[in-house]
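Structure first, then comments.
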Amino acid sequence: MCLSKGSGRAMAVDMEFTSYMDQALDEARAAGARGEVPVGAVIVRGGVVLAAAGNRTRELNDPTAHAEVLAIRAACAAEGVERLNGADLYVTLEPCPMCAAAISNARIARLYYGAGDPKSGGVAQGPRVFEHAQCHHVPEVYDGIKETEAAALLVSFFASKR
């Protein structure tokens, strides 16, 4: 329950939060099964999934084919828009600087991510894209959503490569 103001007085409003991180984890597992780094992303607005994707950099021979970018492209195409105002993005790994910039440019309202990425992250680590004056839109950021599961997928994937 949260409080909202209406007619100058506080009114109780029931709001139910639904996480789509399980679906993002499913996308990450599918990416891993394809031999891609297991990262998954889901874009939602108003309880409707607009797009879901997993990494496809190797499959598409495209270094920009990160889960977040693919989901943003698909959601924009489905909606016929260049910006996703009011949309939420769930992603299993902290976005890299490229993806953070795409999230900002797409005007994503809220970013929920699982595991932090000390090596390549661009939100809470490294360049912290959203903190720069040149960043014209900053989403609300919520980290650590199903972090243990998301991190375990990555650890297992990279352990199998060594």
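Residues in the structure tokens are named by chain (A, B, ... in the order shown) and by number from 1 within that chain; ligands are numbered from 1 in the order shown.
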Practice problem: Pick out the residues sitting within 9 Å of segment 14-30 of chain A, and hand them over as JSON, numbers by chain; count only C-alpha atoms, and ignore anything fewer than 4 positions along from it in its own chain. | Solution: {"A": [1, 2, 3, 34, 35, 36, 37, 38, 39, 40, 41, 42, 43, 44, 47, 49, 52, 53, 54, 55, 67, 89, 90, 91, 92, 112, 113, 114, 145, 146, 149, 150, 153]}
If DSSP is run on the backbone, what residues of chain A are alpha helix (DSSP H)? A reply as a PDB file with C-alpha atoms, in the first residue's frame would be ideal.
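The resulting file, result.pdb, is shown below:
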ATOM      1  CA  MET A  21      12.782 -10.956 -13.259  1.00  0.00           C
ATOM      2  CA  ASP A  22      11.819 -14.641 -13.506  1.00  0.00           C
ATOM      3  CA  GLN A  23      11.014 -14.110 -17.185  1.00  0.00           C
ATOM      4  CA  ALA A  24      14.326 -12.261 -17.635  1.00  0.00           C
ATOM      5  CA  LEU A  25      16.093 -15.220 -15.995  1.00  0.00           C
ATOM      6  CA  ASP A  26      14.346 -17.567 -18.459  1.00  0.00           C
ATOM      7  CA  GLU A  27      15.692 -15.420 -21.313  1.00  0.00           C
ATOM      8  CA  ALA A  28      19.168 -15.560 -19.740  1.00  0.00           C
ATOM      9  CA  ARG A  29      19.025 -19.358 -19.469  1.00  0.00           C
ATOM     10  CA  ALA A  30      17.977 -19.595 -23.135  1.00  0.00           C
ATOM     11  CA  ALA A  31      20.885 -17.331 -24.113  1.00  0.00           C
ATOM     12  CA  GLY A  32      23.297 -19.536 -22.170  1.00  0.00           C
ATOM     13  CA  ALA A  33      21.918 -22.636 -23.887  1.00  0.00           C
ATOM     14  CA  THR A  57      26.042 -11.197 -29.966  1.00  0.00           C
ATOM     15  CA  ARG A  58      27.612 -14.414 -31.234  1.00  0.00           C
ATOM     16  CA  GLU A  59      24.585 -15.638 -33.147  1.00  0.00           C
ATOM     17  CA  LEU A  60      24.119 -12.325 -34.966  1.00  0.00           C
ATOM     18  CA  ALA A  67      19.682  -8.414 -24.283  1.00  0.00           C
ATOM     19  CA  GLU A  68      18.744  -4.861 -23.286  1.00  0.00           C
ATOM     20  CA  VAL A  69      19.335  -3.396 -26.755  1.00  0.00           C
ATOM     21  CA  LEU A  70      17.432  -6.223 -28.463  1.00  0.00           C
ATOM     22  CA  ALA A  71      14.503  -5.820 -26.069  1.00  0.00           C
ATOM     23  CA  ILE A  72      14.463  -2.034 -26.568  1.00  0.00           C
ATOM     24  CA  ARG A  73      14.527  -2.450 -30.357  1.00  0.00           C
ATOM     25  CA  ALA A  74      11.705  -5.019 -30.266  1.00  0.00           C
ATOM     26  CA  ALA A  75       9.541  -2.977 -27.880  1.00  0.00           C
ATOM     27  CA  CYS A  76       9.985   0.202 -29.945  1.00  0.00           C
ATOM     28  CA  ALA A  77       9.130  -1.698 -33.138  1.00  0.00           C
ATOM     29  CA  ALA A  78       6.064  -3.302 -31.551  1.00  0.00           C
ATOM     30  CA  GLU A  79       4.832   0.050 -30.268  1.00  0.00           C
ATOM     31  CA  PRO A  97      27.729   1.651 -20.570  1.00  0.00           C
ATOM     32  CA  MET A  98      26.335   1.074 -24.084  1.00  0.00           C
ATOM     33  CA  CYS A  99      23.118  -0.414 -22.718  1.00  0.00           C
ATOM     34  CA  ALA A 100      22.796   2.268 -20.024  1.00  0.00           C
ATOM     35  CA  ALA A 101      22.972   4.920 -22.758  1.00  0.00           C
ATOM     36  CA  ALA A 102      20.327   3.053 -24.786  1.00  0.00           C
ATOM     37  CA  ILE A 103      18.099   2.830 -21.685  1.00  0.00           C
ATOM     38  CA  SER A 104      18.424   6.576 -21.197  1.00  0.00           C
ATOM     39  CA  ASN A 105      17.778   7.332 -24.881  1.00  0.00           C
ATOM     40  CA  GLU A 147      20.811 -11.303  -7.636  1.00  0.00           C
ATOM     41  CA  THR A 148      21.886 -14.736  -6.372  1.00  0.00           C
ATOM     42  CA  GLU A 149      20.158 -16.571  -9.226  1.00  0.00           C
ATOM     43  CA  ALA A 150      21.406 -14.146 -11.858  1.00  0.00           C
ATOM     44  CA  ALA A 151      24.990 -14.311 -10.584  1.00  0.00           C
ATOM     45  CA  ALA A 152      24.884 -18.120 -10.384  1.00  0.00           C
ATOM     46  CA  LEU A 153      23.960 -18.337 -14.084  1.00  0.00           C
ATOM     47  CA  LEU A 154      26.973 -16.231 -15.010  1.00  0.00           C
ATOM     48  CA  VAL A 155      29.402 -18.053 -12.699  1.00  0.00           C
ATOM     49  CA  SER A 156      28.270 -21.427 -14.030  1.00  0.00           C
ATOM     50  CA  PHE A 157      28.517 -20.279 -17.645  1.00  0.00           C
ATOM     51  CA  PHE A 158      32.032 -18.925 -17.327  1.00  0.00           C
ATOM     52  CA  ALA A 159      33.205 -21.901 -15.233  1.00  0.00           C
ATOM     53  CA  SER A 160      32.151 -24.192 -18.085  1.00  0.00           C
ATOM     54  CA  LYS A 161      34.299 -22.147 -20.491  1.00  0.00           C
TER      55      LYS A 161
END
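Distances from A:Pro127, A:Thr64, A:Asp88, A:Glu94 to Ala51 of chain A were compared using only C-alpha atoms, and the smallest one belongs to A:Asp88.
A straight line drawn from atom CA of Arg107 of chain A to atom CA of Val138 of chain A is 7.8 Å long.
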Exercise. From a DSSP calculation on the backbone, collect every residue of segment 7-138 of chain A in strand (DSSP E) and output the set as a ChimeraX atom specification.
Key: /A:9-13,40-45,48-54,88-93,110-115
